[in-house]
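Coordinates as given in work.pdb (PDB, C-alpha atoms):
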```
ATOM      1  CA  MET Z   1     -57.274   4.855  22.394
ATOM      2  CA  VAL Z   2     -59.759   6.351  19.938
ATOM      3  CA  ARG Z   3     -63.268   4.994  19.522
ATOM      4  CA  VAL Z   4     -63.800   3.611  16.013
ATOM      5  CA  ASP Z   5     -67.115   3.301  14.172
ATOM      6  CA  LEU Z   6     -66.358   0.229  12.090
ATOM      7  CA  ASP Z   7     -69.320   0.859   9.802
ATOM      8  CA  GLN Z   8     -67.682   4.134   8.720
ATOM      9  CA  VAL Z   9     -64.340   2.569   7.741
ATOM     10  CA  VAL Z  10     -63.564   2.463   4.010
ATOM     11  CA  MET Z  11     -61.213  -0.340   2.928
ATOM     12  CA  ARG Z  12     -59.610   0.567  -0.375
ATOM     13  CA  ARG Z  13     -56.524  -0.098  -2.470
ATOM     14  CA  MET Z  14     -53.531   2.013  -1.545
ATOM     15  CA  LYS Z  15     -52.981   5.013  -3.804
ATOM     16  CA  GLU Z  16     -49.780   6.762  -4.770
ATOM     17  CA  ASP Z  17     -50.419   9.568  -2.273
ATOM     18  CA  ASP Z  18     -50.717   7.022   0.566
ATOM     19  CA  ILE Z  19     -47.239   5.536   0.204
ATOM     20  CA  GLU Z  20     -45.404   7.661   2.769
ATOM     21  CA  VAL Z  21     -48.257   7.374   5.282
ATOM     22  CA  VAL Z  22     -48.321   3.588   4.926
ATOM     23  CA  LYS Z  23     -44.543   3.381   5.325
ATOM     24  CA  ALA Z  24     -44.746   5.414   8.541
ATOM     25  CA  LEU Z  25     -47.573   3.197   9.799
ATOM     26  CA  ILE Z  26     -45.529   0.059   9.126
ATOM     27  CA  LYS Z  27     -42.486   1.498  10.885
ATOM     28  CA  GLU Z  28     -44.611   2.331  13.918
ATOM     29  CA  GLY Z  29     -46.377  -1.023  14.023
ATOM     30  CA  CYS Z  30     -43.223  -3.102  13.627
ATOM     31  CA  GLU Z  31     -41.080  -1.221  16.124
ATOM     32  CA  GLY Z  32     -39.071  -3.651  18.230
ATOM     33  CA  THR Z  33     -39.891  -6.716  16.114
ATOM     34  CA  GLU Z  34     -36.324  -7.145  14.897
ATOM     35  CA  ASN Z  35     -34.911  -6.919  18.432
ATOM     36  CA  ARG Z  36     -37.373  -9.547  19.699
ATOM     37  CA  LEU Z  37     -36.384 -11.876  16.868
ATOM     38  CA  ILE Z  38     -32.689 -11.414  17.673
ATOM     39  CA  LEU Z  39     -33.355 -12.139  21.344
ATOM     40  CA  HIS Z  40     -35.290 -15.251  20.312
ATOM     41  CA  ILE Z  41     -32.290 -16.540  18.333
ATOM     42  CA  LEU Z  42     -29.737 -15.677  21.035
ATOM     43  CA  THR Z  43     -31.624 -17.700  23.641
ATOM     44  CA  ARG Z  44     -31.779 -20.920  21.583
ATOM     45  CA  PRO Z  45     -29.738 -23.796  23.149
ATOM     46  CA  LEU Z  46     -27.430 -24.325  20.145
ATOM     47  CA  CYS Z  47     -26.720 -20.614  19.863
ATOM     48  CA  LEU Z  48     -25.931 -20.407  23.598
ATOM     49  CA  PHE Z  49     -23.558 -23.365  23.237
ATOM     50  CA  ILE Z  50     -21.701 -21.702  20.336
ATOM     51  CA  LEU Z  51     -21.407 -18.447  22.291
ATOM     52  CA  ALA Z  52     -20.056 -20.346  25.308
ATOM     53  CA  VAL Z  53     -17.398 -22.056  23.139
ATOM     54  CA  PHE Z  54     -16.247 -18.765  21.606
ATOM     55  CA  SER Z  55     -16.205 -17.126  25.037
ATOM     56  CA  SER Z  56     -13.987 -19.919  26.388
ATOM     57  CA  ILE Z  57     -11.558 -19.504  23.472
ATOM     58  CA  LEU Z  58     -11.552 -15.734  23.851
ATOM     59  CA  ARG Z  59     -10.919 -16.054  27.572
ATOM     60  CA  CYS Z  60      -7.478 -17.429  26.729
ATOM     61  CA  LEU Z  61      -6.671 -14.292  24.711
ATOM     62  CA  VAL Z  62      -8.093 -11.546  26.931
ATOM     63  CA  HIS Z  63      -7.714 -11.202  30.659
ATOM     64  CA  SER Z  64     -11.256 -10.079  31.312
ATOM     65  CA  PHE Z  65     -14.088 -12.522  31.886
ATOM     66  CA  ILE Z  66     -16.688  -9.828  31.109
ATOM     67  CA  LEU Z  67     -15.080  -8.965  27.754
ATOM     68  CA  ALA Z  68     -14.766 -12.629  26.820
ATOM     69  CA  LEU Z  69     -18.484 -13.001  27.498
ATOM     70  CA  ALA Z  70     -19.666  -9.749  25.893
ATOM     71  CA  ILE Z  71     -17.603  -9.642  22.683
ATOM     72  CA  PRO Z  72     -19.110 -12.794  21.030
ATOM     73  CA  VAL Z  73     -22.636 -11.671  21.918
ATOM     74  CA  PHE Z  74     -22.005  -8.171  20.531
ATOM     75  CA  LEU Z  75     -20.503  -9.504  17.281
ATOM     76  CA  LEU Z  76     -23.382 -11.962  16.797
ATOM     77  CA  ILE Z  77     -25.977  -9.197  17.296
ATOM     78  CA  ILE Z  78     -24.223  -7.069  14.654
ATOM     79  CA  PHE Z  79     -24.111 -10.075  12.308
ATOM     80  CA  LEU Z  80     -27.834 -10.773  12.781
ATOM     81  CA  LYS Z  81     -28.798  -7.133  12.191
ATOM     82  CA  ILE Z  82     -26.830  -7.111   8.940
ATOM     83  CA  THR Z  83     -27.937 -10.481   7.582
ATOM     84  CA  MET Z  84     -31.531 -10.666   8.802
ATOM     85  CA  PRO Z  85     -33.957  -9.873   5.943
ATOM     86  CA  ARG Z  86     -35.448  -6.431   6.417
ATOM     87  CA  SER Z  87     -38.907  -7.897   5.931
ATOM     88  CA  THR Z  88     -38.574 -10.844   8.308
ATOM     89  CA  GLY Z  89     -41.254 -10.786  10.969
ATOM     90  CA  VAL Z  90     -43.048  -8.054   9.055
ATOM     91  CA  LEU Z  91     -43.718  -9.485   5.642
ATOM     92  CA  GLY Z  92     -42.746 -13.086   6.146
ATOM     93  CA  SER Z  93     -41.090 -12.687   2.771
ATOM     94  CA  SER Z  94     -37.631 -11.702   1.558
ATOM     95  CA  ARG Z  95     -39.032  -9.757  -1.390
ATOM     96  CA  PRO Z  96     -38.383  -5.973  -1.370
ATOM     97  CA  SER Z  97     -41.150  -3.857   0.109
ATOM     98  CA  TRP Z  98     -41.305  -1.883  -3.159
ATOM     99  CA  ASP Z  99     -43.059  -4.840  -4.773
ATOM    100  CA  TYR Z 100     -45.966  -4.074  -2.451
ATOM    101  CA  VAL Z 101     -45.673  -0.295  -2.507
ATOM    102  CA  GLY Z 102     -45.697  -0.498  -6.292
ATOM    103  CA  SER Z 103     -49.165  -2.040  -6.208
ATOM    104  CA  SER Z 104     -50.545   1.485  -5.810
ATOM    105  CA  TYR Z 105     -49.909   1.948  -9.534
ATOM    106  CA  ARG Z 106     -51.958  -1.080 -10.558
ATOM    107  CA  GLY Z 107     -55.640  -1.806 -10.777
ATOM    108  CA  THR Z 108     -58.483   0.625 -10.219
ATOM    109  CA  HIS Z 109     -57.602   3.342  -7.714
ATOM    110  CA  ASP Z 110     -61.192   3.468  -6.503
ATOM    111  CA  GLU Z 111     -61.259  -0.287  -5.833
ATOM    112  CA  THR Z 112     -62.738  -1.044  -2.413
ATOM    113  CA  MET Z 113     -63.666  -4.013  -0.254
ATOM    114  CA  GLU Z 114     -67.156  -4.437   1.128
ATOM    115  CA  ASN Z 115     -67.582  -3.412   4.766
ATOM    116  CA  PRO Z 116     -69.908  -5.943   6.472
ATOM    117  CA  TYR Z 117     -70.610  -3.534   9.336
ATOM    118  CA  GLY Z 118     -71.863  -0.920   6.906
ATOM    119  CA  ARG Z 119     -74.295  -3.437   5.460
ATOM    120  CA  ILE Z 120     -75.601  -4.301   8.928
ATOM    121  CA  SER Z 121     -76.004  -0.708  10.116
ATOM    122  CA  GLY Z 122     -77.383   0.534   6.802
ATOM    123  CA  LYS Z 123     -74.929   3.465   6.812
ATOM    124  CA  THR Z 124     -72.737   4.370   3.853
ATOM    125  CA  PRO Z 125     -69.063   4.837   4.748
ATOM    126  CA  VAL Z 126     -67.642   8.164   3.609
ATOM    127  CA  THR Z 127     -64.045   9.149   3.049
ATOM    128  CA  LYS Z 128     -62.489  12.571   2.842
ATOM    129  CA  LYS Z 129     -59.622  13.538   0.606
ATOM    130  CA  PRO Z 130     -56.420  13.072   2.618
ATOM    131  CA  ARG Z 131     -54.256  16.101   3.317
ATOM    132  CA  ARG Z 132     -51.059  16.006   1.315
ATOM    133  CA  LYS Z 133     -47.950  16.513   3.416
ATOM    134  CA  VAL Z 134     -45.422  19.180   2.513
ATOM    135  CA  GLY Z 135     -42.467  17.710   0.677
ATOM    136  CA  SER Z 136     -44.215  14.489  -0.296
ATOM    137  CA  LYS Z 137     -44.200  15.491  -3.987
ATOM    138  CA  ASP Z 138     -40.413  15.334  -4.121
ATOM    139  CA  LYS Z 139     -40.442  11.911  -2.451
ATOM    140  CA  ASP Z 140     -43.008  10.649  -4.968
ATOM    141  CA  LYS Z 141     -40.744  11.799  -7.802
ATOM    142  CA  ASP Z 142     -37.940   9.682  -6.373
ATOM    143  CA  ILE Z 143     -40.254   6.674  -6.179
ATOM    144  CA  LEU Z 144     -41.427   7.077  -9.777
ATOM    145  CA  THR Z 145     -37.841   7.016 -11.050
ATOM    146  CA  GLU Z 146     -37.560   3.292 -10.246
ATOM    147  CA  LYS Z 147     -38.210   1.085 -13.261
ATOM    148  CA  ILE Z 148     -41.292  -1.132 -13.067
ATOM    149  CA  THR Z 149     -40.940  -4.192 -15.285
ATOM    150  CA  PRO Z 150     -43.896  -6.331 -16.432
ATOM    151  CA  GLU Z 151     -42.479  -9.264 -14.451
ATOM    152  CA  ARG Z 152     -42.404  -7.161 -11.304
ATOM    153  CA  GLU Z 153     -45.928  -5.940 -11.898
ATOM    154  CA  GLN Z 154     -47.149  -9.524 -12.177
ATOM    155  CA  ALA Z 155     -45.275 -10.614  -9.031
ATOM    156  CA  ALA Z 156     -46.361  -7.659  -6.895
ATOM    157  CA  GLY Z 157     -48.937  -8.076  -4.173
ATOM    158  CA  GLN Z 158     -51.756  -5.785  -3.089
ATOM    159  CA  VAL Z 159     -51.940  -3.230  -0.307
ATOM    160  CA  TRP Z 160     -55.303  -2.409   1.242
ATOM    161  CA  VAL Z 161     -55.772   0.430   3.725
ATOM    162  CA  ALA Z 162     -58.485   1.211   6.268
ATOM    163  CA  ASP Z 163     -59.528   4.811   5.634
ATOM    164  CA  MET Z 164     -61.503   6.614   8.335
ATOM    165  CA  GLU Z 165     -62.555  10.114   7.273
ATOM    166  CA  GLY Z 166     -59.400  10.606   5.224
ATOM    167  CA  GLU Z 167     -57.000   9.140   7.798
ATOM    168  CA  ILE Z 168     -55.280   5.807   7.171
ATOM    169  CA  VAL Z 169     -55.547   3.877  10.443
ATOM    170  CA  ALA Z 170     -54.551   0.331   9.365
ATOM    171  CA  CYS Z 171     -53.267  -1.631   6.385
ATOM    172  CA  ILE Z 172     -53.017  -5.219   5.192
ATOM    173  CA  PHE Z 173     -50.699  -6.671   2.551
ATOM    174  CA  ARG Z 174     -51.631  -9.621   0.346
ATOM    175  CA  GLU Z 175     -48.815 -11.279  -1.553
ATOM    176  CA  SER Z 176     -49.052 -12.209  -5.222
ATOM    177  CA  GLU Z 177     -50.890 -15.353  -6.311
ATOM    178  CA  LYS Z 178     -48.164 -17.988  -6.494
ATOM    179  CA  ARG Z 179     -50.501 -21.010  -6.428
ATOM    180  CA  ALA Z 180     -54.043 -21.335  -7.726
ATOM    181  CA  GLY Z 181     -56.622 -20.841  -4.994
ATOM    182  CA  ILE Z 182     -53.970 -19.903  -2.404
ATOM    183  CA  ARG Z 183     -53.590 -16.436  -0.887
ATOM    184  CA  ARG Z 184     -51.034 -15.127   1.574
ATOM    185  CA  ILE Z 185     -51.363 -12.344   4.161
ATOM    186  CA  CYS Z 186     -47.858 -11.087   4.820
ATOM    187  CA  ARG Z 187     -48.388  -7.884   6.774
ATOM    188  CA  LEU Z 188     -51.104  -6.478   9.029
ATOM    189  CA  VAL Z 189     -50.538  -3.223  10.914
ATOM    190  CA  THR Z 190     -52.887  -1.028  12.951
ATOM    191  CA  SER Z 191     -52.069   2.451  14.232
ATOM    192  CA  CYS Z 192     -51.292   2.452  17.968
ATOM    193  CA  TRP Z 193     -54.186   4.870  18.646
ATOM    194  CA  TYR Z 194     -56.747   2.571  17.025
ATOM    195  CA  ARG Z 195     -55.782  -0.864  18.330
ATOM    196  CA  ARG Z 196     -58.206  -3.272  20.013
ATOM    197  CA  GLU Z 197     -61.103  -1.648  18.158
ATOM    198  CA  GLY Z 198     -61.629  -4.432  15.618
ATOM    199  CA  LEU Z 199     -59.803  -2.869  12.653
ATOM    200  CA  GLY Z 200     -57.437  -5.803  12.169
ATOM    201  CA  ARG Z 201     -60.306  -8.280  12.299
ATOM    202  CA  LEU Z 202     -62.313  -6.155   9.861
ATOM    203  CA  LEU Z 203     -59.462  -6.052   7.327
ATOM    204  CA  VAL Z 204     -58.703  -9.773   7.540
ATOM    205  CA  GLN Z 205     -62.328 -10.897   7.303
ATOM    206  CA  SER Z 206     -63.099  -8.501   4.444
ATOM    207  CA  LEU Z 207     -60.034  -9.678   2.536
ATOM    208  CA  GLU Z 208     -61.029 -13.310   3.133
ATOM    209  CA  GLN Z 209     -64.500 -12.603   1.740
ATOM    210  CA  ARG Z 210     -63.063 -10.886  -1.324
ATOM    211  CA  GLU Z 211     -60.601 -13.699  -2.035
ATOM    212  CA  ARG Z 212     -63.300 -16.341  -1.490
ATOM    213  CA  GLU Z 213     -65.435 -14.647  -4.137
ATOM    214  CA  ASN Z 214     -62.392 -14.616  -6.448
ATOM    215  CA  GLY Z 215     -61.942 -18.386  -6.145
ATOM    216  CA  ALA Z 216     -59.481 -18.771  -3.262
ATOM    217  CA  HIS Z 217     -59.958 -21.749  -0.949
ATOM    218  CA  ARG Z 218     -57.114 -21.220   1.540
ATOM    219  CA  VAL Z 219     -55.376 -18.223   3.126
ATOM    220  CA  TYR Z 220     -51.981 -18.261   4.837
ATOM    221  CA  ALA Z 221     -50.758 -15.718   7.387
ATOM    222  CA  HIS Z 222     -47.120 -15.270   8.411
ATOM    223  CA  ILE Z 223     -46.388 -13.723  11.808
ATOM    224  CA  PRO Z 224     -43.149 -13.133  13.768
ATOM    225  CA  TYR Z 225     -42.130 -16.228  15.737
ATOM    226  CA  PRO Z 226     -42.110 -14.585  19.227
ATOM    227  CA  SER Z 227     -45.400 -12.709  18.645
ATOM    228  CA  LYS Z 228     -47.919 -14.160  21.097
ATOM    229  CA  VAL Z 229     -50.382 -11.352  20.325
ATOM    230  CA  GLY Z 230     -50.323 -12.092  16.600
ATOM    231  CA  GLU Z 231     -50.709 -15.810  17.230
ATOM    232  CA  ALA Z 232     -53.714 -15.295  19.531
ATOM    233  CA  PHE Z 233     -55.259 -12.850  17.040
ATOM    234  CA  PHE Z 234     -55.222 -15.272  14.106
ATOM    235  CA  ARG Z 235     -56.330 -18.222  16.221
ATOM    236  CA  LYS Z 236     -59.415 -16.225  17.250
ATOM    237  CA  LEU Z 237     -60.180 -15.732  13.556
ATOM    238  CA  GLY Z 238     -60.139 -19.490  12.972
ATOM    239  CA  TYR Z 239     -56.566 -19.941  11.740
ATOM    240  CA  GLN Z 240     -54.496 -23.014  12.596
ATOM    241  CA  LEU Z 241     -50.739 -23.321  12.952
ATOM    242  CA  LEU Z 242     -49.316 -25.155   9.964
ATOM    243  CA  GLY Z 243     -47.750 -28.400  11.115
ATOM    244  CA  GLU Z 244     -50.167 -29.103  13.977
ATOM    245  CA  GLU Z 245     -52.035 -31.562  11.758
ATOM    246  CA  THR Z 246     -50.359 -34.828  10.825
ATOM    247  CA  GLU Z 247     -52.341 -35.693   7.703
ATOM    248  CA  GLU Z 248     -50.497 -36.262   4.443
ATOM    249  CA  THR Z 249     -52.086 -33.227   2.815
ATOM    250  CA  GLU Z 250     -50.767 -31.013   5.586
ATOM    251  CA  ASP Z 251     -47.278 -32.462   5.145
ATOM    252  CA  GLN Z 252     -47.369 -31.480   1.472
ATOM    253  CA  GLU Z 253     -48.533 -27.959   2.328
ATOM    254  CA  TRP Z 254     -45.754 -27.642   4.881
ATOM    255  CA  LYS Z 255     -43.232 -28.236   2.095
ATOM    256  CA  LEU Z 256     -44.818 -25.571  -0.113
ATOM    257  CA  GLU Z 257     -45.407 -22.937   2.571
ATOM    258  CA  THR Z 258     -42.360 -22.772   4.830
ATOM    259  CA  PRO Z 259     -41.553 -20.199   7.510
ATOM    260  CA  GLU Z 260     -38.728 -17.697   7.087
ATOM    261  CA  ARG Z 261     -35.517 -18.984   8.679
ATOM    262  CA  GLY Z 262     -32.491 -17.172  10.038
ATOM    263  CA  PHE Z 263     -29.203 -17.926  11.792
ATOM    264  CA  LEU Z 264     -28.579 -21.683  12.255
ATOM    265  CA  GLY Z 265     -31.878 -22.385  10.515
ATOM    266  CA  TYR Z 266     -34.063 -21.214  13.395
ATOM    267  CA  PRO Z 267     -37.584 -20.222  12.245
ATOM    268  CA  LEU Z 268     -38.288 -16.494  12.379
ATOM    269  CA  THR Z 269     -41.956 -16.681  11.433
ATOM    270  CA  LYS Z 270     -44.928 -18.915  12.145
ATOM    271  CA  VAL Z 271     -47.276 -19.936   9.348
ATOM    272  CA  PHE Z 272     -51.018 -20.047  10.024
ATOM    273  CA  TYR Z 273     -53.697 -21.106   7.569
ATOM    274  CA  LYS Z 274     -57.470 -21.038   7.195
ATOM    275  CA  ASP Z 275     -59.706 -22.862   4.734
ATOM    276  CA  LEU Z 276     -62.317 -20.533   3.260
TER     277      LEU Z 276
END
```

Now that the file is in, can you turn its structure into structure tokens?
Amino acid sequence: MVRVDLDQVVMRRMKEDDIEVVKALIKEGCEGTENRLILHILTRPLCLFILAVFSSILRCLVHSFILALAIPVFLLIIFLKITMPRSTGVLGSSRPSWDYVGSSYRGTHDETMENPYGRISGKTPVTKKPRRKVGSKDKDKDILTEKITPEREQAAGQVWVADMEGEIVACIFRESEKRAGIRRICRLVTSCWYRREGLGRLLVQSLEQRERENGAHRVYAHIPYPSKVGEAFFRKLGYQLLGEETEETEDQEWKLETPERGFLGYPLTKVFYKDL
């Protein structure tokens, strides 16, 4: 782990040159999430019952108990990998990731969020110009060839990155404003070398402060269903699991903000919320 001076972290909107770095960071941070979600579905009682029925039928056709047991499981895993939304457990949304990557072309490129630690310490965070990787220009040309429609621009979310001396060490994705006063955090990733240093908390709290100033009164966060670490993280920040309350208002919110669901309707994400 690397020691992080939180007062020297710059939180800014993602730029065009950051796209490949952010993609690599997301891939690193979400490694294994899909497999954990598949394991979660396979171990549900109804799914186990269906597998047992197919295994019994297959046992009459093949003369191997092991094959009759393994073939249905193997076919179901392939089916889940093909049909599961690529963003499930990462975004909590079935929208293409480009709608978030494309946000680098909108707004002011120098737009930043206030760092509360910098205000406390009295230091001014500084950022260095990131080193451009060889070959990234050709990749950017491919990205720019995709058509950006006004409707897509309006529906796109925002990507904010934590920049520490020119190195992107974490990022947070906020989905587009679908309802007045409601915001949605759909991705939060920290580099493996900088975890447990407060970067995730810094990004979430700074984004909450920004959205509060812009008129938001509630923030939702979607996390993978089996993620105990993500659940504990958001609970420490004051978030509550949607559905724990039984009031009528919460029932209405549950209808509007539903978790992503997969095979047999099993939930793949948990929805947490916090009133600002």

Report, in Å with one decimal, the straight-line distance from atom CA of Z:Val4 to atom CA of Z:Tyr194. 7.2 Å

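If you measure from each of Z:Val159, Z:Leu207, Z:Arg201, Z:Lys81 to Z:Thr33 using only C-alpha atoms, the closest one turns out to be Z:Lys81.
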
Please report the interatomic distance between atom CA of Z:Leu48 and atom CA of Z:Phe263 in Å with one decimal.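 About the pair atom CA of Z:Leu48 and atom CA of Z:Phe263: they are 12.5 Å apart.
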
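What the PyMOL selection byres ((chain Z and resi 3) around 10) picks from this file is Met1, Val2, Val4, Asp5, Leu6, Trp193, Tyr194, Arg195, Arg196 and Glu197 of chain Z.
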
Atom pair atom CA of Z:Leu58 / atom CA of Z:Leu76: separation (Å):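 Separation of atom CA of Z:Leu58 and atom CA of Z:Leu76: 14.3 Å.
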
With a distance cut-off of 8 Å and all atoms listed in the file, select the neighbouring residues of Z:Val189, excluding the residue or stretch itself and same-chain residues fewer than 4 positions from it, and output the selection as a PyMOL selection string. chain Z and resi 25-26+29-30+170-172+200

Near Z:His217, counting all atoms listed in the file, which residues have an atom at most 10 Å away, once you skip same-chain residues fewer than 5 positions from it, shown as an MDAnalysis selection string? chainID Z and resid 180:183 208 211:212 274:276
